[in-house]
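The next block holds one structure in the form of structure tokens; read it before the comments.
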Amino acid sequence: PPKKIEVRRIRVAAYCRVSKSQDKQVNSLQAQAGYYMKLIHSRCDWEYAGIYADQASGRCNKKMSQFQKMMGACRGGLIDLILTKSVSRFGRNTLEMLIAFNELKAIGINVLFDVEKLSLKDSKSTLMLTIYSALAQGESETRSFNIRWGIRKGFKDGTSGFLSRACYGYRTTEDGNLVIFAEEAEVVRKIFRWRYDGDSLRTISKKLKQRGIKAPRGGHTWSPETLRKLLANEKYSGDVLLQKTFVEHVLNGKQVKNNGQLTRFFVHDNNPAIVVMD
């Protein structure tokens, strides 16, 4: 009798991503994942190879943990085809996206993009993928510019939410005013007093630990860096300096210290002082 030929099913995965943790976007992520899972299981010639879903910015795919996990599965020969909603789901950094596309093509993995109706294996799609990748990055840069413009306008107009942003020793009321939180404020005064008396940051940290006073985030030990930032915070004397840091490059989103590259805004008597400077 003739030998029975077994046809291996295509191992299909899906990749989904949203950039924010807002309920609307989280629901969108869940809807995408549910749609692709149902689609993959509906095909008898497909074998389910996983749903990879990120809730992360697309500016740097190294920070997209599920994307990296999916790429690892691809390199391990566990996936043949990836389904995704659009090119922008793969990220918003043109160079990183094109590197990922080229790697997937090199190891024989196809990607189908629903919105653009493109296939990674189709040679005619190569140019369009490059264009859509560039458009995704451009959209991200425009959005980032608008956000930064809004933040800086708030600094200039004195309407920035950073003015009422609470730090250790303060709380924000419902109407947006900063008020002193007595228990923490007393700790702040102790730290300033000890520093004024000549104690090192490590000595201050030791004194706080001996007294069982927890660090701002709940740790048992105050790090020298935490103490250094607290002692340098002008908010404890009632003032605020805005735009001490800024995002230098949109694609990495890294905050850098503002050493005069951009205008800084000083607001005197912004909030009640915890420490009175002589």
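We name chains A, B, ... following the order of the structure tokens; residues begin at 1 in each chain, and ligands are numbered from 1 as shown.
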Shell of 8 Å around Val275 of chain A, only C-alpha atoms, local chain residues under 4 positions omitted, as a PDB file with N, CA, C and O atoms, in the first residue's frame:
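That gives us out-v5.pdb:
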ATOM      1  N   VAL A 188      12.152  64.455  57.716  1.00  0.00           N
ATOM      2  CA  VAL A 188      12.894  65.351  56.823  1.00  0.00           C
ATOM      3  C   VAL A 188      13.713  66.346  57.642  1.00  0.00           C
ATOM      4  O   VAL A 188      14.895  66.586  57.363  1.00  0.00           O
ATOM      5  N   ARG A 189      13.100  66.920  58.662  1.00  0.00           N
ATOM      6  CA  ARG A 189      13.819  67.892  59.512  1.00  0.00           C
ATOM      7  C   ARG A 189      15.011  67.247  60.207  1.00  0.00           C
ATOM      8  O   ARG A 189      16.083  67.859  60.321  1.00  0.00           O
ATOM      9  N   PHE A 192      17.893  66.878  57.652  1.00  0.00           N
ATOM     10  CA  PHE A 192      18.556  68.169  57.413  1.00  0.00           C
ATOM     11  C   PHE A 192      19.394  68.584  58.624  1.00  0.00           C
ATOM     12  O   PHE A 192      20.506  69.097  58.476  1.00  0.00           O
ATOM     13  N   TYR A 236      11.400  71.383  49.815  1.00  0.00           N
ATOM     14  CA  TYR A 236      11.349  71.394  51.278  1.00  0.00           C
ATOM     15  C   TYR A 236      11.509  72.804  51.852  1.00  0.00           C
ATOM     16  O   TYR A 236      11.167  73.051  53.004  1.00  0.00           O
ATOM     17  N   SER A 237      12.017  73.735  51.056  1.00  0.00           N
ATOM     18  CA  SER A 237      12.103  75.131  51.509  1.00  0.00           C
ATOM     19  C   SER A 237      10.961  75.957  50.934  1.00  0.00           C
ATOM     20  O   SER A 237      10.939  77.185  51.049  1.00  0.00           O
TER      21      SER A 237
END
